[in-house]
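Q: Here you go, this is structure11.txt (compact mmCIF, C-alpha atoms).
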```txt
# COMPACT_ATOMS: atom_id res chain seq x y z
CA MET A 252 195.11 144.15 -78.47
CA SER A 253 195.32 147.82 -79.35
CA PHE A 254 195.52 150.48 -76.63
CA SER A 255 196.15 154.20 -76.55
CA PRO A 256 195.67 156.58 -73.60
CA ALA A 257 193.14 159.36 -73.79
CA SER A 258 194.40 162.74 -74.90
CA PRO A 259 192.56 166.06 -74.82
CA LEU A 260 194.47 167.03 -77.96
CA ALA A 261 193.58 163.87 -79.88
CA PRO A 262 192.49 164.46 -83.49
CA PRO A 263 188.83 163.86 -84.40
CA THR A 264 187.91 160.18 -84.55
CA TRP A 265 185.16 158.85 -86.79
CA VAL A 266 183.91 155.32 -86.13
CA ILE A 267 182.46 153.57 -89.18
CA GLY A 268 180.06 150.62 -89.07
CA ASP A 269 180.07 147.43 -91.13
CA ILE A 270 181.07 148.12 -94.76
CA GLN A 271 181.09 144.54 -96.06
CA GLY A 272 182.69 145.39 -99.36
CA CYS A 273 180.44 148.35 -100.20
CA CYS A 274 183.32 150.56 -101.28
CA SER A 275 181.20 153.11 -103.14
CA ALA A 276 179.35 153.91 -99.91
CA LEU A 277 182.67 154.19 -98.06
CA ASP A 278 184.01 156.59 -100.69
CA GLN A 279 180.88 158.74 -100.40
CA LEU A 280 181.21 158.80 -96.63
CA LEU A 281 184.87 159.80 -96.72
CA GLU A 282 183.98 162.59 -99.16
CA HIS A 283 181.16 163.95 -96.98
CA SER A 284 181.73 167.60 -96.07
CA ALA A 285 181.64 166.96 -92.31
CA VAL A 286 184.31 164.28 -92.62
CA VAL A 287 186.48 166.20 -95.06
CA ALA A 288 186.40 169.23 -92.73
CA ASP A 289 188.24 167.17 -90.10
CA HIS A 290 191.55 167.37 -91.94
CA ASP A 291 193.51 165.34 -89.40
CA ALA A 292 190.74 162.83 -88.68
CA ARG A 293 191.39 159.25 -87.69
CA PHE A 294 189.04 156.41 -88.57
CA TRP A 295 187.98 153.39 -86.59
CA PHE A 296 186.34 150.52 -88.46
CA ALA A 297 184.06 148.22 -86.49
CA GLY A 298 184.98 145.09 -88.46
CA ASP A 299 183.37 143.20 -91.34
CA ILE A 300 185.06 145.42 -93.87
CA VAL A 301 184.71 142.64 -96.47
CA ASN A 302 182.18 140.16 -97.88
CA ARG A 303 178.63 140.20 -99.25
CA GLY A 304 179.16 143.52 -101.05
CA PRO A 305 180.58 143.89 -104.58
CA ARG A 306 183.98 145.48 -103.91
CA SER A 307 185.74 143.81 -101.01
CA LEU A 308 189.16 144.16 -102.63
CA ASP A 309 188.78 147.90 -103.19
CA THR A 310 187.52 148.35 -99.64
CA VAL A 311 190.51 146.64 -98.06
CA ARG A 312 192.96 148.52 -100.24
CA ARG A 313 191.30 151.82 -99.38
CA ILE A 314 191.65 151.18 -95.66
CA MET A 315 195.18 149.84 -95.97
CA ASP A 316 196.16 153.03 -97.80
CA MET A 317 195.07 155.05 -94.75
CA GLY A 318 198.02 153.67 -92.82
CA ASN A 319 198.14 154.75 -89.19
CA LYS A 320 195.05 156.94 -89.62
CA ALA A 321 192.91 153.80 -89.56
CA VAL A 322 192.19 151.29 -86.81
CA THR A 323 190.33 148.18 -87.92
CA VAL A 324 189.13 145.46 -85.55
CA LEU A 325 188.39 142.05 -86.96
CA GLY A 326 184.82 140.90 -87.55
CA ASN A 327 183.41 137.46 -88.31
CA HIS A 328 183.48 138.06 -92.08
CA ASP A 329 187.11 139.17 -91.89
CA LEU A 330 187.98 135.99 -89.99
CA ASN A 331 186.05 133.99 -92.58
CA LEU A 332 188.25 135.49 -95.29
CA LEU A 333 191.34 134.46 -93.34
CA ALA A 334 189.97 130.93 -92.94
CA VAL A 335 189.22 130.59 -96.65
CA ALA A 336 192.64 131.97 -97.55
CA ALA A 337 194.21 129.49 -95.13
CA GLY A 338 192.40 126.59 -96.80
CA VAL A 339 190.50 125.57 -93.68
CA ARG A 340 187.12 126.81 -94.91
CA LYS A 341 185.41 126.77 -98.30
CA PRO A 342 183.74 129.96 -99.57
CA GLY A 343 180.01 130.16 -98.89
CA LYS A 344 177.42 130.70 -101.61
CA SER A 345 176.96 134.35 -100.67
CA ASP A 346 180.64 135.11 -100.08
CA THR A 347 182.12 137.81 -102.34
CA ILE A 348 185.80 137.51 -101.51
CA ALA A 349 187.08 135.94 -104.74
CA ASP A 350 188.43 139.32 -105.88
CA ILE A 351 190.72 139.41 -102.84
CA LEU A 352 191.82 135.80 -103.09
CA GLY A 353 192.71 136.24 -106.76
CA ALA A 354 194.40 139.61 -106.42
CA PRO A 355 198.13 140.02 -107.12
CA ASP A 356 198.53 141.49 -103.63
CA ALA A 357 196.43 138.80 -101.93
CA ASP A 358 199.29 137.64 -99.70
CA GLU A 359 199.96 141.20 -98.56
CA ILE A 360 196.26 141.73 -97.78
CA ILE A 361 195.97 138.50 -95.79
CA GLU A 362 199.14 139.34 -93.88
CA TRP A 363 197.79 142.82 -93.10
CA LEU A 364 194.39 141.47 -92.07
CA ARG A 365 195.67 138.85 -89.66
CA HIS A 366 197.66 141.56 -87.89
CA ARG A 367 194.57 143.66 -87.14
CA PRO A 368 193.43 143.88 -83.49
CA MET A 369 190.42 142.12 -82.04
CA ALA A 370 189.74 145.09 -79.75
CA HIS A 371 190.91 148.68 -79.45
CA TYR A 372 190.62 150.94 -76.39
CA GLU A 373 191.12 154.68 -76.39
CA GLN A 374 189.53 157.70 -74.69
CA ASN A 375 187.22 155.47 -72.60
CA HIS A 376 185.79 153.89 -75.77
CA LEU A 377 186.22 150.18 -76.45
CA LEU A 378 185.89 149.18 -80.11
CA VAL A 379 184.94 145.58 -80.88
CA HIS A 380 183.00 144.03 -83.72
CA ALA A 381 180.12 142.44 -81.80
CA GLY A 382 180.38 142.76 -78.04
CA VAL A 383 181.83 141.33 -74.83
CA LEU A 384 180.82 138.82 -72.19
CA ALA A 385 179.33 140.23 -69.00
CA PRO A 386 181.98 138.94 -66.54
CA TRP A 387 184.88 140.43 -68.48
CA THR A 388 186.45 143.59 -67.15
CA LEU A 389 188.01 146.00 -69.61
CA LYS A 390 191.48 144.73 -68.68
CA GLN A 391 190.42 141.12 -69.11
CA THR A 392 188.77 141.87 -72.45
CA MET A 393 191.97 143.42 -73.77
CA THR A 394 194.07 140.55 -72.42
CA LEU A 395 191.84 137.93 -74.05
CA ALA A 396 191.77 139.88 -77.31
CA ALA A 397 195.57 139.89 -77.24
CA GLU A 398 195.61 136.11 -76.87
CA VAL A 399 193.58 135.72 -80.07
CA GLU A 400 195.76 138.26 -81.85
CA HIS A 401 198.87 136.34 -80.85
CA ALA A 402 197.35 133.14 -82.26
CA LEU A 403 196.38 134.77 -85.56
CA GLN A 404 199.80 136.38 -85.96
CA SER A 405 201.78 133.25 -85.13
CA ARG A 406 203.24 130.84 -87.68
CA HIS A 407 200.53 128.36 -86.60
CA TRP A 408 197.70 130.75 -87.51
CA ARG A 409 196.10 128.29 -89.94
CA GLN A 410 195.81 125.61 -87.27
CA HIS A 411 194.31 128.12 -84.84
CA LEU A 412 191.67 129.10 -87.40
CA GLU A 413 190.64 125.45 -87.71
CA LYS A 414 189.73 125.49 -84.02
CA MET A 415 187.60 128.65 -84.01
CA TYR A 416 184.37 127.26 -85.47
CA GLY A 417 181.53 126.12 -83.22
CA ASN A 418 179.06 127.56 -80.72
CA GLU A 419 180.44 125.87 -77.61
CA PRO A 420 181.37 126.78 -74.98
CA ASP A 421 178.67 129.42 -74.70
CA ARG A 422 179.52 130.67 -71.21
CA TRP A 423 182.81 131.94 -69.80
CA ARG A 424 184.59 129.84 -67.22
CA ASP A 425 188.09 130.19 -65.87
CA GLY A 426 190.20 127.19 -66.72
CA LEU A 427 188.88 126.54 -70.22
CA GLY A 428 191.30 124.62 -72.42
CA PRO A 429 193.20 126.61 -75.05
CA ASN A 430 190.97 125.71 -78.00
CA LYS A 431 187.73 126.35 -76.12
CA ARG A 432 189.16 129.57 -74.73
CA LEU A 433 190.12 130.78 -78.21
CA ARG A 434 186.70 129.88 -79.60
CA ILE A 435 184.62 131.58 -76.91
CA VAL A 436 186.70 134.77 -77.07
CA ILE A 437 186.35 134.93 -80.86
CA ASN A 438 182.62 134.21 -80.64
CA ALA A 439 182.07 136.91 -78.04
CA LEU A 440 184.09 139.59 -79.80
CA THR A 441 182.78 138.85 -83.31
CA ARG A 442 179.41 137.05 -83.07
CA ILE A 443 177.59 137.80 -79.82
CA ARG A 444 174.12 139.38 -79.84
CA MET A 445 171.88 137.85 -77.18
CA CYS A 446 172.55 136.24 -73.80
CA ASP A 447 170.58 134.89 -70.89
CA VAL A 448 170.61 136.54 -67.48
CA LYS A 449 173.75 134.62 -66.51
CA GLY A 450 175.64 135.79 -69.58
CA ARG A 451 175.36 132.57 -71.60
CA MET A 452 175.49 133.37 -75.34
CA ASP A 453 172.72 132.36 -77.74
CA LEU A 454 174.35 132.60 -81.15
CA SER A 455 171.30 131.40 -83.07
CA TYR A 456 169.14 134.51 -82.55
CA LYS A 457 169.92 137.20 -85.14
CA ASN A 458 166.85 139.43 -85.18
CA ALA A 459 166.29 142.64 -83.25
CA PRO A 460 165.52 142.49 -79.54
CA GLY A 461 161.81 142.55 -78.91
CA SER A 462 158.70 140.45 -79.21
CA GLU A 463 160.31 137.70 -81.32
CA ALA A 464 163.06 137.03 -78.80
CA PRO A 465 162.55 134.35 -76.16
CA ASP A 466 161.75 135.84 -72.77
CA TYR A 467 164.94 134.53 -71.22
CA LEU A 468 167.22 136.32 -73.71
CA MET A 469 168.45 139.90 -73.66
CA PRO A 470 171.07 141.90 -75.58
CA TRP A 471 174.58 141.27 -74.30
CA PHE A 472 174.86 144.92 -73.22
CA ASP A 473 171.82 144.56 -70.93
CA VAL A 474 173.04 141.55 -68.96
CA PRO A 475 172.91 142.54 -65.25
CA ASP A 476 176.17 143.51 -63.55
CA ARG A 477 178.15 143.67 -66.79
CA ALA A 478 181.71 144.47 -65.72
CA THR A 479 182.25 147.01 -68.53
CA GLN A 480 179.25 149.22 -67.74
CA ASN A 481 181.50 152.23 -67.13
CA THR A 482 183.15 151.92 -70.54
CA THR A 483 181.44 152.97 -73.76
CA ILE A 484 181.56 149.98 -76.10
CA VAL A 485 181.28 150.76 -79.81
CA PHE A 486 180.34 147.86 -82.04
CA GLY A 487 178.71 146.78 -85.31
CA HIS A 488 177.61 143.30 -86.39
CA TRP A 489 173.93 143.62 -85.44
CA SER A 490 172.16 145.14 -88.45
CA THR A 491 168.71 144.17 -87.19
CA LEU A 492 169.38 146.17 -84.04
CA GLY A 493 170.53 149.11 -86.15
CA LEU A 494 171.70 152.47 -84.91
CA MET A 495 171.77 152.70 -81.13
CA ILE A 496 173.52 155.37 -79.08
CA ARG A 497 173.63 154.95 -75.31
CA PRO A 498 176.17 156.16 -72.75
CA ASP A 499 177.52 152.62 -72.37
CA ALA A 500 176.95 151.10 -75.82
CA ILE A 501 176.87 152.33 -79.42
CA CYS A 502 175.82 150.15 -82.36
CA LEU A 503 176.79 151.40 -85.82
CA ASP A 504 175.75 148.50 -88.09
CA THR A 505 172.90 150.01 -90.09
CA GLY A 506 172.69 147.35 -92.79
CA CYS A 507 174.70 148.91 -95.59
CA VAL A 508 174.95 145.68 -97.60
CA TRP A 509 171.21 145.06 -97.16
CA GLY A 510 170.28 148.41 -98.70
CA GLY A 511 170.31 150.34 -95.44
CA LYS A 512 172.90 152.96 -94.57
CA LEU A 513 176.61 153.19 -93.90
CA THR A 514 177.00 155.09 -90.64
CA ALA A 515 179.90 157.01 -89.13
CA LEU A 516 179.91 158.62 -85.69
CA ARG A 517 182.37 161.23 -84.42
CA LEU A 518 183.38 160.26 -80.91
CA SER A 519 183.83 163.77 -79.53
CA ASP A 520 180.27 164.99 -80.05
CA ARG A 521 178.32 161.96 -81.37
CA LYS A 522 177.76 163.68 -84.73
CA LEU A 523 176.44 161.24 -87.32
CA VAL A 524 177.06 160.93 -91.05
CA GLN A 525 174.98 158.39 -92.95
CA ILE A 526 175.14 157.29 -96.58
CA ASP A 527 172.22 155.57 -98.31
CA CYS A 528 173.29 152.20 -99.72
CA ILE A 529 172.23 149.92 -102.55
CA SER A 530 171.08 146.44 -101.56
CA HIS A 531 173.57 143.75 -102.57
CA GLN A 532 172.19 140.89 -100.47
CA THR A 533 168.83 139.69 -99.21
CA PRO A 534 168.51 139.74 -95.41
CA GLY A 535 168.57 136.21 -94.10
CA SER A 536 171.08 134.94 -96.65
CA ALA A 537 173.84 135.04 -94.03
```
As structure tokens, what does this structure read like?
A:
Amino acid sequence: MSFSPASPLAPPTWVIGDIQGCCSALDQLLEHSAVVADHDARFWFAGDIVNRGPRSLDTVRRIMDMGNKAVTVLGNHDLNLLAVAAGVRKPGKSDTIADILGAPDADEIIEWLRHRPMAHYEQNHLLVHAGVLAPWTLKQTMTLAAEVEHALQSRHWRQHLEKMYGNEPDRWRDGLGPNKRLRIVINALTRIRMCDVKGRMDLSYKNAPGSEAPDYLMPWFDVPDRATQNTTIVFGHWSTLGLMIRPDAICLDTGCVWGGKLTALRLSDRKLVQIDCISHQTPGSA
């Protein structure tokens, strides 16, 4: 859990969507005149900073070098890297994390990564990688995120990672056992896209909302009576949804690794900076 109170004197904050190892695009974005002009800017990263792109190692090092100027929440690809490093998961065919695993500072990187937050709240903006479940209040979301963070930062972190894989349970219930509780919180914060009207997750649907989606499914942010409607949730993860800016929800995954764009948004005025990207993966290879 990461929390800071709002401040009218806070420095400019730029939120950056999924990078996925596309370090050249990140460098171009950080060198953009609008970003450079904000000398004291802080940067929020919406997770999935690694994997599928060609320079995951450089990307992580770049963000680590920012120190306290950067806030990075964990995404599903970041957790996958932790699982592979822990020996509980084998690399996938399209994974591009070998440069990190073989780096001389690999242990330092893994240690840094597993101490990143699952959620960050500041200035009435909640940053998560994918989304939240409809029944969760802001306070509950931050509490549950902190539970996962505690597990990942404990000396038993490898064992906890073994328990995180699977699509069940798909609906929040009080009284879930510890492993099921850990899994559903991780799935919601890092994998959620579509839900039914009761807030049950469907983790199989990855396309954009619209005609292809079953009638009973809707984006997680449109589930009726969502408890976080009065908080602006900023997220990535959903490249087929693409750029979306609403009062209550902002999506910044614009498919950088697929040859789309890397997008940054300044919180104070919603100013956008976008960098055209080279395709490094074919959509659907996830």
Q: Which one of A:Thr310, A:Asn319, A:Thr482, A:Gln410 sits closest to Trp387 (chain A) if you count all atoms listed in the file?
A: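 Among the listed residues, A:Thr482 lies closest to Trp387 (chain A).
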Q: With only C-alpha atoms as the counted atoms, please give the residues lying no more than 12 Å from Gly338 (chain A), apart from itself and same-chain residues fewer than 2 positions off, as a list of chain:residue names.
A: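 Counting only C-alpha atoms, the residues come to A:Asn331, A:Leu332, A:Leu333, A:Ala334, A:Val335, A:Ala336, A:Arg340, A:Lys341, A:Pro342, A:Leu352, A:Trp408, A:Arg409, A:Gln410, A:Leu412, A:Glu413.
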Q: When distances are computed from only C-alpha atoms, which of A:Met452, A:Leu281, A:Met393, A:Ala276 shows the smallest separation from Arg422 (chain A)?
A: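 Nearest candidate to Arg422 (chain A) out of A:Met452, A:Leu281, A:Met393, A:Ala276: A:Met452.
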Q: Could you check how far CA of Cys528 (chain A) sits from CA of Ile501 (chain A), in Å to one decimal?
A: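 Going from CA of Cys528 (chain A) over to CA of Ile501 (chain A), I get 20.6 Å.
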Q: Near Asp289 (chain A), within 9 Å and counting all atoms listed in the file, which residues show up once chain neighbours fewer than 4 positions away are dropped, as a PyMOL selection string?
A: chain A and resi 262-264+284-285+293
Q: Compare A:Lys414, A:Lys390, A:Lys512, A:Lys457 by their minimum atom-to-atom distance to Ile435 (chain A), counting all atoms listed in the file, and give me the closest one.
A: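 Among the listed residues, A:Lys414 lies closest to Ile435 (chain A).
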Q: Which residue gives the smallest distance to Leu280 (chain A) among A:Thr347, A:Ser519, A:Ala439, A:Leu513, with all atoms listed in the file counted?
A: A:Leu513
Q: Please measure the separation of CA of Ala349 (chain A) and CA of Glu282 (chain A), giving the value in Å to one decimal.
A: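 A separation of 27.4 Å between them.
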Q: Which residues, written as a PyMOL selection string, have at least one atom at most 12 Å from His488 (chain A), with only C-alpha atoms counted and residues fewer than 2 positions away on the same chain left out?
A: chain A and resi 267-271+296-300+324-329+378-382+438-444+457-459+485-486+490-494+501-508+537
Q: Within 12 Å of Gly450 (chain A), counting only C-alpha atoms, which residues qualify if same-chain residues fewer than 4 places away don't, as an NGL selection string?
A: :A and (382-387 or 420-424 or 439 or 443-446 or 467-478)
Q: Distance table requested - region 398-469 of chain A against region 353-375 of chain A, cut-off 7 Å, all atoms listed in the file: one row per qualifying residue with the closest atom pair and its distance in Å to one decimal, ordered by chain and rising residue number, as CSV.
A:
```
residue,atom,partner,partner_atom,distance
A:Glu400,CA,A:Pro368,CA,6.3
A:Leu403,CA,A:Arg365,CA,5.8
A:Gln404,CA,A:His366,CA,5.9
```
Q: Could you give me, as a PyMOL selection string, the residues within 6 Å of Arg306 (chain A), counting all atoms listed in the file and dropping anything in the same chain fewer than 2 positions from it?
A: chain A and resi 272-274+304+308-309
Q: Which value, in Å to one decimal, gives the distance between CA of Tyr456 (chain A) and CA of Arg521 (chain A)?
A: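 Pair CA of Tyr456 (chain A) / CA of Arg521 (chain A) returns 29.0 Å.
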Q: Out of A:Val286, A:Val301, A:Ala397, A:Val524, which residue has the shortest atom-to-atom distance to Leu330 (chain A) when counting all atoms listed in the file?
A: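 Of all the options, A:Val301 lies closest to Leu330 (chain A).
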Q: Check the smallest atom-to-atom distance from each of A:Leu389, A:Ala292, A:Ile348, A:Val339 to Ala261 (chain A) using only C-alpha atoms, then report the winner.
A: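 Going through A:Leu389, A:Ala292, A:Ile348, A:Val339 one by one, the smallest distance to Ala261 (chain A) is for A:Ala292.
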Q: Output file request: region 273-299 of chain A, with C-alpha atoms, as a tab-separated table (two decimals), in the first residue's frame.
A:
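Written out: selection_7.tsv:
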```tsv
chain	number	residue	atom	x	y	z
A	273	CYS	CA	10.16	-0.54	-24.52
A	274	CYS	CA	12.90	1.63	-23.05
A	275	SER	CA	13.53	3.69	-26.19
A	276	ALA	CA	9.93	4.92	-26.09
A	277	LEU	CA	10.29	5.72	-22.39
A	278	ASP	CA	13.46	7.70	-23.05
A	279	GLN	CA	11.71	9.68	-25.80
A	280	LEU	CA	8.80	10.41	-23.50
A	281	LEU	CA	11.03	11.60	-20.66
A	282	GLU	CA	12.84	13.86	-23.13
A	283	HIS	CA	9.62	15.41	-24.48
A	284	SER	CA	9.59	19.18	-24.06
A	285	ALA	CA	6.38	19.19	-22.01
A	286	VAL	CA	7.83	16.67	-19.57
A	287	VAL	CA	11.26	18.28	-19.37
A	288	ALA	CA	9.62	21.65	-18.63
A	289	ASP	CA	8.26	20.20	-15.38
A	290	HIS	CA	11.64	20.28	-13.66
A	291	ASP	CA	10.42	18.85	-10.37
A	292	ALA	CA	8.01	16.33	-11.90
A	293	ARG	CA	7.16	13.02	-10.30
A	294	PHE	CA	6.27	9.94	-12.30
A	295	TRP	CA	3.72	7.24	-11.66
A	296	PHE	CA	4.03	4.00	-13.61
A	297	ALA	CA	0.89	1.93	-14.09
A	298	GLY	CA	2.68	-1.43	-13.94
A	299	ASP	CA	3.94	-3.88	-16.54
```
